[in-house]
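Engineer: mmCIF, C-alpha atoms, file structure.cif:
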data_query
loop_
_atom_site.label_atom_id
_atom_site.label_comp_id
_atom_site.auth_asym_id
_atom_site.auth_seq_id
_atom_site.Cartn_x
_atom_site.Cartn_y
_atom_site.Cartn_z
CA MET A 1 0.00 0.00 0.00
CA LEU A 2 2.82 2.41 0.85
CA HIS A 3 4.46 1.71 -2.51
CA ASP A 4 1.14 2.37 -4.28
CA LEU A 5 0.90 5.79 -2.63
CA ALA A 6 4.55 6.59 -3.39
CA SER A 7 4.11 5.42 -7.00
CA ALA A 8 1.04 7.63 -7.44
CA TRP A 9 2.94 10.60 -6.00
CA LEU A 10 5.93 9.99 -8.30
CA ARG A 11 3.65 9.64 -11.33
CA ASN A 12 1.95 12.91 -10.41
CA LEU A 13 5.32 14.60 -9.94
CA GLY A 14 6.98 13.09 -13.03
CA GLY A 15 4.09 13.22 -15.48
CA LYS A 16 3.99 10.72 -18.29
CA PRO A 17 6.68 8.02 -18.20
CA CYS A 18 9.14 7.94 -21.10
CA PHE A 19 8.03 4.32 -21.64
CA ARG A 20 6.79 1.24 -19.83
CA ILE A 21 8.41 -2.16 -19.60
CA TYR A 22 7.53 -5.68 -18.55
CA GLY A 23 9.53 -6.93 -15.59
CA LYS A 24 9.52 -9.53 -12.86
CA ALA A 25 11.71 -11.78 -10.74
CA LYS A 26 12.40 -15.37 -11.78
CA THR A 27 10.37 -16.54 -8.79
CA GLU A 28 7.24 -14.63 -9.91
CA SER A 29 4.82 -16.06 -12.45
CA ASP A 30 3.14 -12.81 -13.55
CA TRP A 31 4.78 -10.01 -15.50
CA ARG A 32 4.35 -6.50 -14.12
CA VAL A 33 4.11 -3.26 -16.08
CA ILE A 34 6.73 -0.84 -14.76
CA ASP A 35 6.89 2.88 -15.50
CA ILE A 36 10.29 4.22 -16.58
CA PHE A 37 10.74 7.93 -15.91
CA ALA A 38 13.66 9.81 -17.44
CA THR A 39 15.31 12.97 -16.18
CA HIS A 40 18.36 14.87 -17.41
CA ARG A 41 19.56 14.93 -13.79
CA ARG A 42 20.44 11.24 -14.20
CA ASP A 43 22.24 11.66 -17.55
CA ILE A 44 25.88 10.56 -17.55
CA PHE A 45 27.12 14.16 -17.95
CA SER A 46 24.69 15.70 -15.45
CA SER A 47 25.96 18.32 -13.04
CA TRP A 48 24.22 16.46 -10.19
CA PRO A 49 27.08 14.33 -8.79
CA LEU A 50 25.04 11.82 -6.77
CA TRP A 51 22.46 11.29 -9.52
CA ARG A 52 24.81 11.31 -12.53
CA GLY A 53 24.59 8.11 -14.59
CA THR A 54 22.35 6.26 -12.15
CA CYS A 55 19.22 4.17 -12.43
CA ILE A 56 17.07 3.74 -9.35
CA THR A 57 14.04 1.67 -8.49
CA TRP A 58 11.94 4.07 -6.43
CA THR A 59 8.92 1.83 -5.84
CA SER A 60 7.50 -1.52 -6.86
CA SER A 61 6.36 0.03 -10.16
CA VAL A 62 8.61 3.06 -10.84
CA ILE A 63 12.22 3.20 -12.10
CA ALA A 64 14.06 6.49 -12.78
CA VAL A 65 16.83 6.74 -15.40
CA GLY A 66 18.62 9.39 -17.45
CA TRP A 67 17.39 10.38 -20.90
CA ASP A 68 20.65 9.07 -22.34
CA PHE A 69 20.07 5.67 -20.70
CA ALA A 70 16.45 5.58 -21.92
CA GLY A 71 17.62 6.29 -25.48
CA ALA A 72 20.33 3.63 -25.25
CA LEU A 73 17.79 1.07 -24.00
CA LEU A 74 15.38 1.90 -26.81
CA ASN A 75 18.18 1.59 -29.40
CA GLU A 76 19.32 -1.72 -27.91
CA GLN A 77 15.75 -3.03 -27.95
CA ILE A 78 15.34 -2.06 -31.61
CA ARG A 79 18.43 -4.15 -32.45
CA GLU A 80 17.76 -7.08 -30.10
CA PRO A 81 14.27 -6.93 -28.62
CA ALA A 82 13.46 -8.69 -25.37
CA SER A 83 10.07 -10.27 -24.88
CA ARG A 84 8.16 -12.02 -22.14
CA GLU A 85 8.86 -15.27 -23.98
CA HIS A 86 12.60 -14.45 -24.23
CA PRO A 87 13.43 -12.11 -21.33
CA VAL A 88 16.81 -10.53 -20.66
CA GLU A 89 18.57 -11.64 -17.50
CA VAL A 90 21.92 -10.56 -16.10
CA ILE A 91 24.43 -13.02 -17.55
CA GLY A 92 26.00 -15.04 -14.75
CA GLY A 93 23.88 -13.21 -12.18
CA ARG A 94 26.36 -10.30 -11.86
CA LEU A 95 26.62 -7.01 -13.73
CA HIS A 96 30.23 -6.59 -12.63
CA ALA A 97 31.55 -10.16 -12.57
CA PRO A 98 35.30 -10.66 -12.86
CA GLY A 99 36.34 -11.58 -16.36
CA ARG A 100 33.34 -10.11 -18.17
CA GLY A 101 32.80 -6.72 -19.68
CA PRO A 102 30.16 -4.30 -18.50
CA GLY A 103 26.56 -5.46 -18.63
CA THR A 104 24.28 -4.33 -21.43
CA VAL A 105 21.68 -1.62 -20.91
CA SER A 106 18.99 -4.32 -20.97
CA GLU A 107 20.84 -6.25 -18.26
CA VAL A 108 20.91 -3.12 -16.10
CA ILE A 109 17.12 -2.85 -16.46
CA ALA A 110 16.80 -6.58 -15.64
CA HIS A 111 18.80 -5.85 -12.47
CA GLU A 112 16.38 -3.01 -11.64
CA CYS A 113 13.48 -5.43 -12.20
CA GLY A 114 15.09 -7.55 -9.48
CA HIS A 115 14.79 -4.53 -7.20
CA ILE A 116 11.12 -4.20 -8.21
CA ALA A 117 10.52 -7.68 -6.79
CA GLN A 118 12.42 -6.77 -3.61
CA ALA A 119 10.28 -3.64 -3.23
CA ARG A 120 7.09 -5.67 -3.59
CA ARG A 121 8.28 -8.22 -1.04
CA LEU A 122 9.79 -5.81 1.51
CA GLY A 123 7.26 -2.97 1.32
CA GLY A 124 8.39 0.16 3.14
CA LEU A 125 11.50 -1.62 4.45
CA TYR A 126 12.79 -1.66 0.85
CA TRP A 127 13.85 1.99 1.10
CA LEU A 128 15.74 1.44 4.36
CA ILE A 129 17.45 -1.75 3.23
CA GLY A 130 18.22 -0.28 -0.18
CA ALA A 131 19.75 2.83 1.37
CA ALA A 132 21.87 0.69 3.67
CA PHE A 133 23.11 -1.92 1.17
CA THR A 134 23.03 -0.49 -2.39
CA ARG A 135 26.26 1.43 -1.89
CA PHE A 136 28.13 -1.86 -1.39
CA ARG A 137 27.21 -2.98 -4.94
CA GLU A 138 27.68 -6.59 -6.03
CA GLY A 139 30.36 -8.81 -4.58
CA PRO A 140 31.26 -11.90 -2.58
CA ARG A 141 30.61 -10.58 0.93
CA TRP A 142 27.44 -10.81 3.04
CA ARG A 143 26.83 -7.08 2.65
CA ASN A 144 26.46 -7.51 -1.13
CA TRP A 145 23.34 -9.71 -0.85
CA PHE A 146 20.86 -6.96 -1.81
CA GLU A 147 22.51 -6.11 -5.13
CA ASN A 148 23.47 -9.74 -5.85
CA GLN A 149 19.88 -10.84 -5.39
CA ALA A 150 18.59 -8.16 -7.78
CA SER A 151 21.01 -9.31 -10.50
CA GLU A 152 20.32 -13.00 -9.90
CA THR A 153 16.53 -12.75 -10.06
CA GLY A 154 15.53 -9.82 -12.29
CA GLN A 155 14.00 -10.37 -15.72
CA PHE A 156 13.28 -7.70 -18.33
CA GLY A 157 10.50 -8.69 -20.73
CA GLY A 158 10.74 -5.82 -23.21
CA ILE A 159 9.16 -2.43 -23.79
CA VAL A 160 5.35 -2.26 -23.74
CA ASN A 161 4.11 -1.59 -27.29
CA GLY A 162 2.89 1.97 -27.85
CA SER A 163 4.30 3.28 -24.56
CA VAL A 164 7.35 5.21 -25.84
CA CYS A 165 6.86 8.96 -25.31
CA ASP A 166 7.14 11.49 -28.13
CA GLU A 167 10.32 13.11 -26.78
CA LEU A 168 12.19 9.81 -26.86
CA MET A 169 10.85 9.02 -30.34
CA HIS A 170 12.18 12.40 -31.55
CA GLN A 171 15.60 11.63 -30.04
CA LEU A 172 15.57 8.32 -31.91
CA ARG A 173 14.75 10.03 -35.21
CA ASP A 174 17.58 12.53 -34.70
CA LEU A 175 20.23 9.78 -34.51
#
Would you put the structure from the file into structure tokens?

Structural biologist:
Amino acid sequence: MLHDLASAWLRNLGGKPCFRIYGKAKTESDWRVIDIFATHRRDIFSSWPLWRGTCITWTSSVIAVGWDFAGALLNEQIREPASREHPVEVIGGRLHAPGRGPGTVSEVIAHECGHIAQARRLGGLYWLIGAAFTRFREGPRWRNWFENQASETGQFGGIVNGSVCDELMHQLRDL
């Protein structure tokens, strides 16, 4: 219930999402529709140091990204679309595993879908636990469990048809 109120507030504050995606955890049977909101504050070259280049799962149905990330995800999905029948998962269960390059944009969103499942399961505690453990990122220690679990369980099932906003479509045409 708390996440529903927070999601409604964020939707009111953020307006129309830049697009919607299908996401879930491996342990869930039903796909969820998740709103993706974009802001220039989260762009890689933003002047906001703590927000620069970050994606964050705010609630059990809202993820915030930069416009540059949203465009990169849309471009990646045009080339290699994910679907609910063939979802994207984080290869090897880690975005930053030793011996592999950086994860794809779709893998990052799959990781965020893992956080969506955590938010649904933990309710209001999600914000406290996320604040305490996200900064430790993935890794082999006990304190990395929160991020490890998100990468191990998240599934991205593609962009919802017809949900891409006009601003992002214009960016795509300008490329």

Engineer: Can you give me, as a PyMOL selection string, the residues this file yields under the PyMOL selection byres ((chain A and resi 120-136) around 9)?

Structural biologist: chain A and resi 1-3+58-61+115-119+137-139+143-147

Engineer: Rounded to one decimal in Å, what is the spacing between CA of Ala82 in chain A and CA of Glu167 in chain A?

Structural biologist: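 It comes out at 22.1 Å.
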
Engineer: Residues near Gly71 in chain A, anyone? I mean within 8 Å using all atoms listed in the file, not counting same-chain ones fewer than 2 positions away, as a list in words.

Structural biologist: Trp67, Asp68, Phe69, Leu73, Leu74, Asn75, Leu168, Gln171 and Leu172 of chain A

Engineer: Just to confirm, what's the straight-line distance from CA of Pro17 in chain A to CA of Val105 in chain A in Å (one decimal)?

Structural biologist: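 Computing it gives 18.0 Å between the two atoms.
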
Engineer: Run the PyMOL selection byres ((chain A and resi 111) around 12) on the file and write out the hits as a PyMOL selection string.

Structural biologist: chain A and resi 23-26+55-57+63+88-96+103-110+112-118+137-138+146-156

Engineer: List every protein, DNA or RNA residue that has at least one atom no more than 10 Å from (5.6, -0.8, -18.3) in the file's coordinates, counting all atoms listed in the file, and write the result as an MDAnalysis selection string.

Structural biologist: chainID A and resid 17:23 31:36 61:63 157:161 163:164

Engineer: Measure the distance from CA of Arg79 in chain A to CA of Lys16 in chain A in Å and round it to one decimal.

Structural biologist: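 Taking CA of Arg79 in chain A as the start and CA of Lys16 in chain A as the end point, the length is 25.1 Å.
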
Engineer: Given the file shown, determine the residues that the PyMOL selection byres ((chain A and resi 40) around 9) selects; report them as an MDAnalysis selection string.

Structural biologist: chainID A and resid 38:39 41:46 52 65:68

Engineer: Any chance you can output those residues with C-alpha atoms as a short mmCIF file (atom, residue, chain, number, x, y, z; two decimals), in the coordinates of the input?

Structural biologist:
data_model
loop_
_atom_site.label_atom_id
_atom_site.label_comp_id
_atom_site.auth_asym_id
_atom_site.auth_seq_id
_atom_site.Cartn_x
_atom_site.Cartn_y
_atom_site.Cartn_z
CA ALA A 38 13.66 9.81 -17.44
CA THR A 39 15.31 12.97 -16.18
CA ARG A 41 19.56 14.93 -13.79
CA ARG A 42 20.44 11.24 -14.20
CA ASP A 43 22.24 11.66 -17.55
CA ILE A 44 25.88 10.56 -17.55
CA PHE A 45 27.12 14.16 -17.95
CA SER A 46 24.69 15.70 -15.45
CA ARG A 52 24.81 11.31 -12.53
CA VAL A 65 16.83 6.74 -15.40
CA GLY A 66 18.62 9.39 -17.45
CA TRP A 67 17.39 10.38 -20.90
CA ASP A 68 20.65 9.07 -22.34
#

Engineer: Have a look at A:His86, A:Thr54, A:Ile78, A:Pro140 and name the one nearest to Pro98 in chain A; count all atoms listed in the file.

Structural biologist: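 The shortest atom-to-atom distance to Pro98 in chain A comes from A:Pro140.
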
Engineer: Since fewer atoms than expected are present, regenerate N, CA and C atoms for range 63-93 of chain A and write them as a PDB file, in the coordinates of the input.

Structural biologist:
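Below you can see out-v9.pdb, which holds the result:
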ATOM      1  N   ILE A  63      10.761   3.138 -11.974  1.00  0.00           N
ATOM      2  CA  ILE A  63      12.220   3.200 -12.100  1.00  0.00           C
ATOM      3  C   ILE A  63      12.559   4.548 -12.737  1.00  0.00           C
ATOM      4  N   ALA A  64      13.595   5.217 -12.220  1.00  0.00           N
ATOM      5  CA  ALA A  64      14.060   6.490 -12.780  1.00  0.00           C
ATOM      6  C   ALA A  64      15.430   6.275 -13.433  1.00  0.00           C
ATOM      7  N   VAL A  65      15.586   6.844 -14.633  1.00  0.00           N
ATOM      8  CA  VAL A  65      16.830   6.740 -15.400  1.00  0.00           C
ATOM      9  C   VAL A  65      17.141   8.089 -16.034  1.00  0.00           C
ATOM     10  N   GLY A  66      18.294   8.201 -16.664  1.00  0.00           N
ATOM     11  CA  GLY A  66      18.620   9.390 -17.450  1.00  0.00           C
ATOM     12  C   GLY A  66      18.050   9.265 -18.857  1.00  0.00           C
ATOM     13  N   TRP A  67      17.874  10.409 -19.524  1.00  0.00           N
ATOM     14  CA  TRP A  67      17.390  10.380 -20.900  1.00  0.00           C
ATOM     15  C   TRP A  67      18.372   9.639 -21.804  1.00  0.00           C
ATOM     16  N   ASP A  68      19.665   9.774 -21.521  1.00  0.00           N
ATOM     17  CA  ASP A  68      20.650   9.070 -22.340  1.00  0.00           C
ATOM     18  C   ASP A  68      20.522   7.553 -22.166  1.00  0.00           C
ATOM     19  N   PHE A  69      20.267   7.097 -20.958  1.00  0.00           N
ATOM     20  CA  PHE A  69      20.070   5.670 -20.700  1.00  0.00           C
ATOM     21  C   PHE A  69      18.799   5.181 -21.386  1.00  0.00           C
ATOM     22  N   ALA A  70      17.720   5.965 -21.285  1.00  0.00           N
ATOM     23  CA  ALA A  70      16.450   5.580 -21.920  1.00  0.00           C
ATOM     24  C   ALA A  70      16.631   5.434 -23.426  1.00  0.00           C
ATOM     25  N   GLY A  71      17.361   6.373 -24.039  1.00  0.00           N
ATOM     26  CA  GLY A  71      17.620   6.290 -25.480  1.00  0.00           C
ATOM     27  C   GLY A  71      18.468   5.075 -25.831  1.00  0.00           C
ATOM     28  N   ALA A  72      19.475   4.788 -25.004  1.00  0.00           N
ATOM     29  CA  ALA A  72      20.330   3.630 -25.250  1.00  0.00           C
ATOM     30  C   ALA A  72      19.533   2.329 -25.123  1.00  0.00           C
ATOM     31  N   LEU A  73      18.626   2.267 -24.156  1.00  0.00           N
ATOM     32  CA  LEU A  73      17.790   1.070 -24.000  1.00  0.00           C
ATOM     33  C   LEU A  73      16.873   0.898 -25.205  1.00  0.00           C
ATOM     34  N   LEU A  74      16.257   1.977 -25.641  1.00  0.00           N
ATOM     35  CA  LEU A  74      15.380   1.900 -26.810  1.00  0.00           C
ATOM     36  C   LEU A  74      16.161   1.449 -28.040  1.00  0.00           C
ATOM     37  N   ASN A  75      17.345   2.010 -28.260  1.00  0.00           N
ATOM     38  CA  ASN A  75      18.180   1.590 -29.400  1.00  0.00           C
ATOM     39  C   ASN A  75      18.562   0.125 -29.296  1.00  0.00           C
ATOM     40  N   GLU A  76      18.951  -0.322 -28.107  1.00  0.00           N
ATOM     41  CA  GLU A  76      19.320  -1.720 -27.910  1.00  0.00           C
ATOM     42  C   GLU A  76      18.123  -2.639 -28.179  1.00  0.00           C
ATOM     43  N   GLN A  77      16.944  -2.213 -27.754  1.00  0.00           N
ATOM     44  CA  GLN A  77      15.750  -3.030 -27.950  1.00  0.00           C
ATOM     45  C   GLN A  77      15.303  -3.058 -29.415  1.00  0.00           C
ATOM     46  N   ILE A  78      15.621  -2.036 -30.166  1.00  0.00           N
ATOM     47  CA  ILE A  78      15.340  -2.060 -31.610  1.00  0.00           C
ATOM     48  C   ILE A  78      16.216  -3.110 -32.285  1.00  0.00           C
ATOM     49  N   ARG A  79      17.488  -3.181 -31.867  1.00  0.00           N
ATOM     50  CA  ARG A  79      18.430  -4.150 -32.450  1.00  0.00           C
ATOM     51  C   ARG A  79      18.170  -5.579 -31.979  1.00  0.00           C
ATOM     52  N   GLU A  80      17.959  -5.749 -30.689  1.00  0.00           N
ATOM     53  CA  GLU A  80      17.760  -7.080 -30.100  1.00  0.00           C
ATOM     54  C   GLU A  80      16.628  -7.016 -29.079  1.00  0.00           C
ATOM     55  N   PRO A  81      15.384  -7.107 -29.543  1.00  0.00           N
ATOM     56  CA  PRO A  81      14.270  -6.930 -28.620  1.00  0.00           C
ATOM     57  C   PRO A  81      14.104  -8.081 -27.628  1.00  0.00           C
ATOM     58  N   ALA A  82      13.829  -7.710 -26.396  1.00  0.00           N
ATOM     59  CA  ALA A  82      13.460  -8.690 -25.370  1.00  0.00           C
ATOM     60  C   ALA A  82      11.958  -8.897 -25.453  1.00  0.00           C
ATOM     61  N   SER A  83      11.502 -10.011 -24.941  1.00  0.00           N
ATOM     62  CA  SER A  83      10.070 -10.270 -24.880  1.00  0.00           C
ATOM     63  C   SER A  83       9.782 -11.078 -23.616  1.00  0.00           C
ATOM     64  N   ARG A  84       8.517 -11.224 -23.305  1.00  0.00           N
ATOM     65  CA  ARG A  84       8.160 -12.020 -22.140  1.00  0.00           C
ATOM     66  C   ARG A  84       8.483 -13.501 -22.389  1.00  0.00           C
ATOM     67  N   GLU A  85       8.498 -13.897 -23.649  1.00  0.00           N
ATOM     68  CA  GLU A  85       8.860 -15.270 -23.980  1.00  0.00           C
ATOM     69  C   GLU A  85      10.378 -15.474 -23.955  1.00  0.00           C
ATOM     70  N   HIS A  86      11.132 -14.414 -24.219  1.00  0.00           N
ATOM     71  CA  HIS A  86      12.600 -14.450 -24.230  1.00  0.00           C
ATOM     72  C   HIS A  86      13.142 -13.241 -23.459  1.00  0.00           C
ATOM     73  N   PRO A  87      13.004 -13.265 -22.126  1.00  0.00           N
ATOM     74  CA  PRO A  87      13.430 -12.110 -21.330  1.00  0.00           C
ATOM     75  C   PRO A  87      14.943 -11.994 -21.239  1.00  0.00           C
ATOM     76  N   VAL A  88      15.388 -10.786 -20.923  1.00  0.00           N
ATOM     77  CA  VAL A  88      16.810 -10.530 -20.660  1.00  0.00           C
ATOM     78  C   VAL A  88      17.045 -10.728 -19.179  1.00  0.00           C
ATOM     79  N   GLU A  89      18.110 -11.455 -18.868  1.00  0.00           N
ATOM     80  CA  GLU A  89      18.570 -11.640 -17.500  1.00  0.00           C
ATOM     81  C   GLU A  89      20.024 -11.209 -17.446  1.00  0.00           C
ATOM     82  N   VAL A  90      20.513 -10.913 -16.262  1.00  0.00           N
ATOM     83  CA  VAL A  90      21.920 -10.560 -16.100  1.00  0.00           C
ATOM     84  C   VAL A  90      22.747 -11.830 -16.266  1.00  0.00           C
ATOM     85  N   ILE A  91      23.615 -11.840 -17.261  1.00  0.00           N
ATOM     86  CA  ILE A  91      24.430 -13.020 -17.550  1.00  0.00           C
ATOM     87  C   ILE A  91      25.301 -13.355 -16.348  1.00  0.00           C
ATOM     88  N   GLY A  92      25.226 -14.600 -15.903  1.00  0.00           N
ATOM     89  CA  GLY A  92      26.000 -15.040 -14.750  1.00  0.00           C
ATOM     90  C   GLY A  92      25.529 -14.478 -13.423  1.00  0.00           C
ATOM     91  N   GLY A  93      24.426 -13.744 -13.426  1.00  0.00           N
ATOM     92  CA  GLY A  93      23.880 -13.210 -12.180  1.00  0.00           C
ATOM     93  C   GLY A  93      24.640 -12.037 -11.591  1.00  0.00           C
TER      94      GLY A  93
END
